[in-house]
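K.L.:
Structure in structure tokens, see below.
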Amino acid sequence: MNPIYERGGAVTVRPARPGDLEAVRAIRNHAIEHSTALWTETPQSPVEGAAWLAAHLARGSAFVAEVAGEVAGFAVYGPWRELDGYRYTVEDSVYVREGRHGLGIGSALLGALVAAAREAGHHVVIAGIEAENTASVRLHQRFGFEHAGTVREVGTKFGRWLDLTLMRLPLA
């Protein structure tokens, strides 16, 4: 077995459930407070988190990764844009609990997410990644996502301008 997996135990990916809300919200809020992965500085409240997760559960587009019975990460996909002309294009989000990076959790989640989006009949998955997040860019490249462009200085957080790298994966 690959030693990277032996350190963290087996990764199990399953559809998210309402009971996963607090674990998922904790991971999201950590990313909000400590990273540029989510371009907001306002933590998600329990009410906001419940509504956000419920929308993904209704679509069947939310997954969690468990390691030793603990939610160690989550992934979702949702509409890329709201207009009906974009209805076959979705955007993915993959987050791993702090201290659990490098254990294959992100890969397991993205694999499940791409398979679910394909099975749901979507045509393209878009990834919008903060340009300096090289780990996320590499993860998406391993799954065949191609660089579609980088938009300079379209967001701000922690007092600096952020660039958005767009990647795309055709599913057909």
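Going through the structure tokens in order, the chains are called A, B, and so on, while each chain numbers its residues from 1 and the ligands are numbered from 1 in the order shown.
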For segment 32-110 of chain A versus segment 122-136 of chain A, which residues have an atom no more than 9 Å away, and what is each residue's nearest atom pair and distance in Å rounded to one decimal, using only C-alpha atoms, chain-then-number order, as JSON lines?
P.N.:
{"residue": "A:Thr36", "atom": "CA", "partner": "A:Glu130", "partner_atom": "CA", "distance": 6.7}
{"residue": "A:Ala37", "atom": "CA", "partner": "A:Glu130", "partner_atom": "CA", "distance": 6.3}
{"residue": "A:Leu38", "atom": "CA", "partner": "A:Glu130", "partner_atom": "CA", "distance": 8.6}
{"residue": "A:Trp39", "atom": "CA", "partner": "A:Glu130", "partner_atom": "CA", "distance": 8.9}
{"residue": "A:Tyr77", "atom": "CA", "partner": "A:Val125", "partner_atom": "CA", "distance": 8.3}
{"residue": "A:Trp80", "atom": "CA", "partner": "A:Ile126", "partner_atom": "CA", "distance": 7.2}
{"residue": "A:Arg87", "atom": "CA", "partner": "A:His122", "partner_atom": "CA", "distance": 7.9}
{"residue": "A:Tyr88", "atom": "CA", "partner": "A:His122", "partner_atom": "CA", "distance": 4.6}
{"residue": "A:Thr89", "atom": "CA", "partner": "A:Val124", "partner_atom": "CA", "distance": 4.9}
{"residue": "A:Val90", "atom": "CA", "partner": "A:Val125", "partner_atom": "CA", "distance": 5.0}
{"residue": "A:Glu91", "atom": "CA", "partner": "A:Ile126", "partner_atom": "CA", "distance": 4.5}
{"residue": "A:Asp92", "atom": "CA", "partner": "A:Ala127", "partner_atom": "CA", "distance": 5.6}
{"residue": "A:Ser93", "atom": "CA", "partner": "A:Ala127", "partner_atom": "CA", "distance": 7.3}
{"residue": "A:Val94", "atom": "CA", "partner": "A:Ser136", "partner_atom": "CA", "distance": 8.6}
{"residue": "A:Gly106", "atom": "CA", "partner": "A:Ser136", "partner_atom": "CA", "distance": 8.7}
K.L.:
Take the residues from that selection and write them out as a PDB file, in the first residue's frame, keeping C-alpha atoms.
P.N.:
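What ended up in selection.pdb:
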ATOM      1  CA  THR A  36      -8.192  32.310  -0.057  1.00  0.00           C
ATOM      2  CA  ALA A  37     -10.158  29.267  -1.228  1.00  0.00           C
ATOM      3  CA  LEU A  38     -13.478  30.999  -0.483  1.00  0.00           C
ATOM      4  CA  TRP A  39     -13.585  34.692  -1.322  1.00  0.00           C
ATOM      5  CA  TYR A  77     -21.048  20.794  -7.444  1.00  0.00           C
ATOM      6  CA  TRP A  80     -21.969  27.497 -12.761  1.00  0.00           C
ATOM      7  CA  ARG A  87     -27.826  24.232 -17.284  1.00  0.00           C
ATOM      8  CA  TYR A  88     -25.408  21.477 -18.343  1.00  0.00           C
ATOM      9  CA  THR A  89     -22.358  23.188 -16.833  1.00  0.00           C
ATOM     10  CA  VAL A  90     -21.547  22.870 -13.146  1.00  0.00           C
ATOM     11  CA  GLU A  91     -18.817  24.203 -10.872  1.00  0.00           C
ATOM     12  CA  ASP A  92     -17.033  22.007  -8.352  1.00  0.00           C
ATOM     13  CA  SER A  93     -15.720  22.723  -4.858  1.00  0.00           C
ATOM     14  CA  VAL A  94     -13.461  20.357  -2.907  1.00  0.00           C
ATOM     15  CA  GLY A 106      -9.199  15.475  -2.262  1.00  0.00           C
TER      16      GLY A 106
END
K.L.:
Fewer than 5 positions away in the same chain doesn't count, so skip those; otherwise give me all residues within 9 Å of Thr42 of chain A, counting only C-alpha atoms, as a list of chain:residue names.
P.N.:
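Near Thr42 of chain A, the qualifying residues are A:Asn29, A:Ile32, A:Glu33.
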K.L.:
For the selection just defined, write its residues with C-alpha atoms to a file, as an mmCIF file, in the first residue's frame.
P.N.:
data_model
loop_
_atom_site.group_PDB
_atom_site.id
_atom_site.type_symbol
_atom_site.label_atom_id
_atom_site.label_comp_id
_atom_site.auth_asym_id
_atom_site.auth_seq_id
_atom_site.Cartn_x
_atom_site.Cartn_y
_atom_site.Cartn_z
ATOM 1 C CA ASN A 29 -15.550 28.195 7.971
ATOM 2 C CA ILE A 32 -13.115 31.184 5.026
ATOM 3 C CA GLU A 33 -11.111 32.318 8.027
#
K.L.:
For each of A:Ile105, A:Ala54, A:Ala31, A:Leu83, take the minimum atom-to-atom distance to Val67 of chain A, counting only C-alpha atoms, then give the residue where this is smallest.
P.N.:
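Result for the nearest residue to Val67 of chain A: A:Ile105.
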K.L.:
Which is closer to Gly149 of chain A than all the others in A:Asp163, A:Glu82, A:Asp20, A:Gly99, using only C-alpha atoms?
P.N.:
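For Gly149 of chain A, the nearest of the candidates is A:Asp163.
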K.L.:
Let's see if you can do this: from backbone DSSP, list all strand (DSSP E or B) residues in segment 49-171 of chain A, as number ranges by chain.
P.N.:
A: 62-67, 70-79, 89-96, 124-130, 146-157, 160-170
K.L.:
Where does DSSP see alpha helix (DSSP H) in segment 28-123 of chain A, if you list the residues as a ChimeraX atom specification?
P.N.:
/A:28-34,46-59,105-119
K.L.:
Considering only C-alpha atoms, can you say which of A:Gly159, A:Val24, A:His34, A:Val71 comes closest to Gly49 of chain A?
P.N.:
A:Val24
K.L.:
Any idea what's packed within 9 Å of Val13 of chain A, counting only C-alpha atoms, ignoring anything in its chain fewer than 5 positions away? Could you give it as an mmCIF file with N, CA, C and O atoms, in the first residue's frame?
P.N.:
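This went into selection.cif:
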data_model
loop_
_atom_site.group_PDB
_atom_site.id
_atom_site.type_symbol
_atom_site.label_atom_id
_atom_site.label_comp_id
_atom_site.auth_asym_id
_atom_site.auth_seq_id
_atom_site.Cartn_x
_atom_site.Cartn_y
_atom_site.Cartn_z
ATOM 1 N N PHE A 63 -20.955 15.431 -1.331
ATOM 2 C CA PHE A 63 -20.295 14.212 -0.884
ATOM 3 C C PHE A 63 -19.366 14.539 0.279
ATOM 4 O O PHE A 63 -18.839 15.643 0.358
ATOM 5 N N VAL A 64 -19.174 13.576 1.152
ATOM 6 C CA VAL A 64 -18.194 13.731 2.219
ATOM 7 C C VAL A 64 -17.217 12.562 2.153
ATOM 8 O O VAL A 64 -17.550 11.473 1.681
ATOM 9 N N ALA A 65 -16.002 12.826 2.634
ATOM 10 C CA ALA A 65 -14.992 11.785 2.778
ATOM 11 C C ALA A 65 -14.831 11.529 4.264
ATOM 12 O O ALA A 65 -14.715 12.472 5.052
ATOM 13 N N GLU A 66 -14.831 10.264 4.622
ATOM 14 C CA GLU A 66 -14.615 9.876 6.016
ATOM 15 C C GLU A 66 -13.304 9.118 6.130
ATOM 16 O O GLU A 66 -12.968 8.307 5.263
ATOM 17 N N PHE A 74 -15.124 17.439 2.126
ATOM 18 C CA PHE A 74 -16.390 17.413 1.409
ATOM 19 C C PHE A 74 -16.189 17.985 0.013
ATOM 20 O O PHE A 74 -15.214 18.695 -0.254
ATOM 21 N N ILE A 105 -7.510 12.389 0.106
ATOM 22 C CA ILE A 105 -8.909 12.731 0.370
ATOM 23 C C ILE A 105 -9.475 13.594 -0.753
ATOM 24 O O ILE A 105 -10.567 13.334 -1.263
ATOM 25 N N ALA A 108 -10.039 11.449 -3.845
ATOM 26 C CA ALA A 108 -11.208 10.577 -3.692
ATOM 27 C C ALA A 108 -12.499 11.374 -3.875
ATOM 28 O O ALA A 108 -13.434 10.924 -4.543
ATOM 29 N N LEU A 109 -12.541 12.553 -3.293
ATOM 30 C CA LEU A 109 -13.733 13.399 -3.410
ATOM 31 C C LEU A 109 -13.953 13.877 -4.849
ATOM 32 O O LEU A 109 -15.066 13.799 -5.369
ATOM 33 N N ALA A 112 -15.273 11.088 -7.105
ATOM 34 C CA ALA A 112 -16.700 10.819 -6.877
ATOM 35 C C ALA A 112 -17.560 11.931 -7.458
ATOM 36 O O ALA A 112 -18.617 11.675 -8.054
#
K.L.:
Considering only C-alpha atoms, return as a list in words whatever protein or nucleic-acid residues lie within 12 Å of Gly69 of chain A, sequence-local ones (same chain, fewer than 5 positions apart) excluded.
P.N.:
Gly8, Gly9, Ala10, Val11, Thr12, Val13, Arg14, Asp20, Ala23 and Val64 of chain A
K.L.:
Identify which of the residues A:Val114, A:Val154, A:Ala148, A:Leu57 lies closest to Arg168 of chain A, counting only C-alpha atoms when measuring atom-to-atom distances.
P.N.:
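Of the candidates, the smallest distance to Arg168 of chain A is held by A:Ala148.
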K.L.:
I'd like to know which of A:Gly19, A:Pro46, A:Gly73, A:Gly78 is closest to Gly60 of chain A, using only C-alpha atoms.
P.N.:
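Of all the options, A:Gly78 lies closest to Gly60 of chain A.
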K.L.:
May I ask for the distance between atom CA of Ala68 of chain A and atom CA of Ala16 of chain A, given in Å to one decimal place?
P.N.:
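According to the coordinates, atom CA of Ala68 of chain A and atom CA of Ala16 of chain A are separated by 16.3 Å.
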K.L.:
Using only C-alpha atoms, determine which residues lie at most 10 Å from Gln44 of chain A, disregarding the query and same-chain residues fewer than 6 positions distant; provide the list as an NGL selection string.
P.N.:
:A and (25-26 or 28-29 or 32 or 50 or 52)
K.L.:
What is the distance, in Å and to one decimal place, between atom CA of Thr150 of chain A and atom CA of Tyr95 of chain A?
P.N.:
21.1 Å
